[in-house]
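In what follows, a structure is listed as C-alpha cells, so that the remarks can point back to it.
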Amino acid sequence: MTPRVLAIVGPTAAGKTRLAIEVATRVGGEVISLDSMQAYQGMNIGTATPSMEERAGVAHHMFDVWPISHPLTVVEFRDAARAAIEDVWGRGGVPIAVGGSGLYVRVVLENLDPPGTDTDVRAALEDRLAESGPRALHEELGRIDPAAAAVINPMNGRRIVRALEVNAITGGPFQANLPEPHDRYRTTRVGIAIDRTSLDARIEARVDDMWRRGMVDEVRSLLAQGLAEAPTARAALGYGPVMDSLAGEISEEQARMQTSADTKKFARRQQRWFAADSRIHWVEFDESSLVDDVVSVATRT
C-alpha cells in the first residue's frame, strides 16, 4: 500500500505543532513544518517554533533551514518539504505535515505547479511595493482579486506582488489559476475546529508570551542580520510592528496590539480557506481529547 501523509491544518495558535508532536509519539511519526516562516533561521519566538525541549525527542523537519536573507520561493519550499516527506518514508516513519497556510499545504501535498512569472511585470510591481508599501498594493489586490486578498496578509509584500503578477500575466484571478485538487500523496487531512472566542483568547495569550520571551530582542538581533532588507522574512506576522516600534514610529505597546490584531485577521483568513476543503476531517478543539481524536481519524481513514 502506498505510504500515507497525515496533515494537521487549522488557524494559527490552535495548537497544531504541539498536537503533531504528541500524535507523532503515538504513531511513529516525524513532524514536517509547512510554515515557510519557521524555515528561517533565528525567527523562533515570533513564529512559535518549538524548542528542542518541546520537541520531546520527535524528529522535526523544515525548521531553521535558510538564513533570513534568502528569498525563499514557493517552489523551493515545496521541493524541500517533499524531500523531507519521502525521507521519513524511507525510514519507515509517518510524515506529519503541519501548516496554517493553505497555499503552502496545497503546493506541497498536491500535484500543483504555480503559474509562471514575467520578469518585467515582477520588477514593476516590486518598484511600486518599495515606493508605496504592501498595504497600498493589498488594497489594489482587493479591488481586482478579492478572493486572493482575503487570504494574503496585508503586510506580505512578496505574496501580494505575486498575486498581482499572476493577475497581470494570466488575465484572471490568482486563486482561479490554481487547478482542481489532485493529491500527490495519499493524505489524511485533519483540521482543528475552534470557535473564534477561544481562538482570539489563545492568540492574545500567545502574543503576550512572545513579548515575555523576548520578541523585541529577537527582532533587534535579526535587524542586525539584515531583517529590514530581507525580501520574504520581514513579512512574518509581528516582525513588522516590532520593527516600526524600534524605529520610533509606534510604541512597543502599539506593536504588541498590532501583532495581536493582525494575527486574528490572519486566523480568520486561514479558517475561511480550510473551510472550503471538503477533504478535511474536522475535530473539535478539546485539549482533553484532541490527541485521541486525531489518532482515531488517522488510523481509520
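Chain labels follow the order of the C-alpha cells: the first chain is A, the next B, and so on; residue numbering restarts at 1 in every chain, and ligands are counted from 1 in their shown order.
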
Check your understanding: Out of segment 25-225 of chain A, which residues get helix (DSSP H, G or I) from DSSP, as a PyMOL selection string?
Key -> chain A and resi 25-27+36-39+74-90+102-109+119-132+134-144+146-151+157-170+175-177+196-213+215-223

Write the residues you've just listed into a file as an mmCIF file, in the first residue's frame, and include C-alpha atoms for each of them.
data_model
loop_
_atom_site.group_PDB
_atom_site.id
_atom_site.type_symbol
_atom_site.label_atom_id
_atom_site.label_comp_id
_atom_site.auth_asym_id
_atom_site.auth_seq_id
_atom_site.Cartn_x
_atom_site.Cartn_y
_atom_site.Cartn_z
ATOM 1 C CA THR A 25 4.807 9.804 19.625
ATOM 2 C CA ARG A 26 1.694 7.639 19.222
ATOM 3 C CA VAL A 27 2.011 6.690 15.560
ATOM 4 C CA SER A 36 7.553 28.996 5.426
ATOM 5 C CA MET A 37 8.487 31.476 8.160
ATOM 6 C CA GLN A 38 9.527 28.709 10.567
ATOM 7 C CA ALA A 39 12.024 27.684 7.901
ATOM 8 C CA VAL A 74 7.148 28.540 -3.018
ATOM 9 C CA VAL A 75 8.739 26.059 -5.424
ATOM 10 C CA GLU A 76 11.968 25.820 -3.414
ATOM 11 C CA PHE A 77 9.998 25.297 -0.221
ATOM 12 C CA ARG A 78 7.793 22.702 -1.930
ATOM 13 C CA ASP A 79 10.719 20.657 -3.173
ATOM 14 C CA ALA A 80 12.477 20.669 0.216
ATOM 15 C CA ALA A 81 9.279 19.669 2.058
ATOM 16 C CA ARG A 82 8.559 16.858 -0.393
ATOM 17 C CA ALA A 83 12.111 15.574 0.038
ATOM 18 C CA ALA A 84 11.551 15.546 3.813
ATOM 19 C CA ILE A 85 8.308 13.596 3.425
ATOM 20 C CA GLU A 86 9.964 10.975 1.269
ATOM 21 C CA ASP A 87 12.957 10.808 3.628
ATOM 22 C CA VAL A 88 10.625 9.981 6.528
ATOM 23 C CA TRP A 89 9.011 7.222 4.480
ATOM 24 C CA GLY A 90 12.464 5.854 3.718
ATOM 25 C CA GLY A 102 -3.484 26.863 2.682
ATOM 26 C CA LEU A 103 -1.365 27.662 -0.361
ATOM 27 C CA TYR A 104 1.771 26.009 1.013
ATOM 28 C CA VAL A 105 -0.208 22.962 2.147
ATOM 29 C CA ARG A 106 -1.652 22.605 -1.344
ATOM 30 C CA VAL A 107 1.619 23.165 -3.186
ATOM 31 C CA VAL A 108 3.457 20.543 -1.116
ATOM 32 C CA LEU A 109 0.784 17.853 -0.909
ATOM 33 C CA THR A 119 10.396 39.458 -15.005
ATOM 34 C CA ASP A 120 9.259 42.835 -16.349
ATOM 35 C CA VAL A 121 5.880 42.706 -14.635
ATOM 36 C CA ARG A 122 7.510 41.491 -11.421
ATOM 37 C CA ALA A 123 10.129 44.257 -11.463
ATOM 38 C CA ALA A 124 7.500 46.950 -11.981
ATOM 39 C CA LEU A 125 5.392 45.620 -9.112
ATOM 40 C CA GLU A 126 8.401 45.385 -6.815
ATOM 41 C CA ASP A 127 9.259 49.010 -7.602
ATOM 42 C CA ARG A 128 5.727 50.009 -6.651
ATOM 43 C CA LEU A 129 5.978 47.932 -3.472
ATOM 44 C CA ALA A 130 9.146 49.762 -2.466
ATOM 45 C CA GLU A 131 7.526 53.128 -3.204
ATOM 46 C CA SER A 132 4.023 52.644 -1.796
ATOM 47 C CA PRO A 134 2.426 46.497 0.954
ATOM 48 C CA ARG A 135 -0.870 47.849 2.301
ATOM 49 C CA ALA A 136 -1.438 50.039 -0.764
ATOM 50 C CA LEU A 137 -0.826 47.102 -3.097
ATOM 51 C CA HIS A 138 -3.038 44.889 -0.951
ATOM 52 C CA GLU A 139 -5.881 47.385 -1.364
ATOM 53 C CA GLU A 140 -5.386 47.214 -5.124
ATOM 54 C CA LEU A 141 -5.420 43.424 -4.991
ATOM 55 C CA GLY A 142 -8.659 43.605 -3.012
ATOM 56 C CA ARG A 143 -10.283 45.530 -5.856
ATOM 57 C CA ILE A 144 -9.203 43.232 -8.688
ATOM 58 C CA PRO A 146 -10.827 39.955 -3.556
ATOM 59 C CA ALA A 147 -10.548 36.183 -3.049
ATOM 60 C CA ALA A 148 -6.750 36.364 -3.132
ATOM 61 C CA ALA A 149 -6.660 39.467 -0.936
ATOM 62 C CA ALA A 150 -8.818 37.706 1.652
ATOM 63 C CA VAL A 151 -6.180 35.034 2.287
ATOM 64 C CA GLY A 157 4.525 42.257 0.102
ATOM 65 C CA ARG A 158 6.099 39.329 -1.706
ATOM 66 C CA ARG A 159 2.851 37.337 -1.878
ATOM 67 C CA ILE A 160 0.841 40.430 -2.815
ATOM 68 C CA VAL A 161 3.247 41.139 -5.673
ATOM 69 C CA ARG A 162 2.971 37.520 -6.787
ATOM 70 C CA ALA A 163 -0.833 37.632 -6.795
ATOM 71 C CA LEU A 164 -0.855 40.887 -8.785
ATOM 72 C CA GLU A 165 1.705 39.419 -11.179
ATOM 73 C CA VAL A 166 -0.449 36.334 -11.830
ATOM 74 C CA ASN A 167 -3.478 38.556 -12.445
ATOM 75 C CA ALA A 168 -1.458 40.641 -14.919
ATOM 76 C CA ILE A 169 0.064 37.797 -16.935
ATOM 77 C CA THR A 170 -2.913 35.415 -16.965
ATOM 78 C CA GLN A 175 -6.708 31.580 -6.966
ATOM 79 C CA ALA A 176 -8.718 30.830 -10.088
ATOM 80 C CA ASN A 177 -5.432 29.790 -11.696
ATOM 81 C CA ARG A 196 -13.461 32.465 17.402
ATOM 82 C CA THR A 197 -13.749 33.499 21.044
ATOM 83 C CA SER A 198 -11.457 30.693 22.172
ATOM 84 C CA LEU A 199 -9.070 31.285 19.293
ATOM 85 C CA ASP A 200 -8.850 35.013 19.971
ATOM 86 C CA ALA A 201 -8.019 34.287 23.618
ATOM 87 C CA ARG A 202 -5.273 31.874 22.567
ATOM 88 C CA ILE A 203 -3.849 34.427 20.126
ATOM 89 C CA GLU A 204 -3.752 37.105 22.812
ATOM 90 C CA ALA A 205 -2.056 34.677 25.205
ATOM 91 C CA ARG A 206 0.472 33.701 22.536
ATOM 92 C CA VAL A 207 1.350 37.324 21.749
ATOM 93 C CA ASP A 208 1.746 38.108 25.465
ATOM 94 C CA ASP A 209 4.033 35.079 25.773
ATOM 95 C CA MET A 210 6.058 36.215 22.746
ATOM 96 C CA TRP A 211 6.748 39.515 24.469
ATOM 97 C CA ARG A 212 7.660 37.811 27.754
ATOM 98 C CA ARG A 213 10.091 35.516 25.931
ATOM 99 C CA MET A 215 10.200 39.095 20.874
ATOM 100 C CA VAL A 216 11.588 42.627 20.774
ATOM 101 C CA ASP A 217 15.128 41.406 21.434
ATOM 102 C CA GLU A 218 14.743 38.733 18.752
ATOM 103 C CA VAL A 219 13.735 41.355 16.178
ATOM 104 C CA ARG A 220 16.561 43.655 17.279
ATOM 105 C CA SER A 221 19.036 40.813 16.750
ATOM 106 C CA LEU A 222 17.586 39.961 13.347
ATOM 107 C CA LEU A 223 17.717 43.592 12.249
#

Practice item. Run DSSP on the backbone of this structure and report the residues of segment 41-224 of chain A it assigns to strand (DSSP E), as a VMD selection string. Key: chain A and resid 60 to 61 94 to 99 186 to 193

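Omitting segment 99-101 of chain A and its sequence neighbours fewer than 3 positions away, and counting only C-alpha atoms, the residues within 7 Å are A:Ile8, A:Val9, A:Gly10, A:Pro11, A:Thr12, A:Ser33, A:Leu34, A:Asp35, A:Tyr104, A:Val105, A:Gln270.
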
With N, CA and C atoms retained, export the selected residues as a CSV table (one decimal), in the first residue's frame.
chain,number,residue,atom,x,y,z
A,8,ILE,N,-2.0,18.0,9.5
A,8,ILE,CA,-2.8,18.7,10.5
A,8,ILE,C,-2.8,20.2,10.2
A,9,VAL,N,-4.0,20.7,9.9
A,9,VAL,CA,-4.2,22.0,9.5
A,9,VAL,C,-5.1,22.8,10.4
A,10,GLY,N,-5.1,24.1,10.2
A,10,GLY,CA,-6.0,25.0,11.0
A,10,GLY,C,-5.4,26.3,11.2
A,11,PRO,N,-6.1,27.2,11.9
A,11,PRO,CA,-5.6,28.5,12.1
A,11,PRO,C,-4.4,28.6,13.1
A,12,THR,N,-3.6,29.7,13.0
A,12,THR,CA,-2.5,29.9,13.9
A,12,THR,C,-3.0,30.0,15.3
A,33,SER,N,7.2,20.8,9.1
A,33,SER,CA,6.5,22.1,9.1
A,33,SER,C,6.2,22.6,7.7
A,34,LEU,N,5.0,23.0,7.4
A,34,LEU,CA,4.7,23.7,6.2
A,34,LEU,C,4.5,25.2,6.3
A,35,ASP,N,5.1,25.7,7.4
A,35,ASP,CA,5.1,27.1,7.7
A,35,ASP,C,6.4,27.7,7.1
A,104,TYR,N,0.6,26.9,0.8
A,104,TYR,CA,1.8,26.0,1.0
A,104,TYR,C,1.4,24.6,1.2
A,105,VAL,N,0.3,24.3,2.0
A,105,VAL,CA,-0.2,23.0,2.1
A,105,VAL,C,-0.6,22.4,0.8
A,270,GLN,N,-7.3,32.1,7.4
A,270,GLN,CA,-7.0,30.7,7.4
A,270,GLN,C,-8.2,29.8,7.5

Practice item. Rank A:Ile68, A:Ile21, A:Ala14, A:Met52 by their smallest atom-to-atom distance to Val283 of chain A, using only C-alpha atoms, and report the top residue only. Key: A:Ala14

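In this structure, atom CA of Gly191 of chain A sits 24.0 Å away from atom CA of Asp113 of chain A.
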
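Counting from atom CA of Glu287 of chain A, the distance to atom CA of Arg4 of chain A is 25.4 Å.
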
Point to revise | Pairwise distance for atom CA of Asn111 of chain A and atom CA of Leu72 of chain A, rounded to one decimal in Å | key: 19.8 Å

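The closest residue to Phe63 of chain A, picked from A:Ser278, A:Gln254, A:Gln225, A:Asn44 and counting only C-alpha atoms, is A:Asn44.
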
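When the distance limit is 12 Å and only C-alpha atoms are what count, the residues near Ser296 of chain A, minus those fewer than 5 positions from it on the same chain, are Leu6, Val23, Arg26, Val27, Thr188, Val190, His281, Trp282, Val283, Ser289, Leu290, Val291 and Thr301 of chain A.
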
Check your understanding: Looking at only C-alpha atoms, which of A:Ala228, A:Ile194, A:Ala298, A:Ala7 is the one that sits closest to Ala247 of chain A?
Key -> A:Ala228
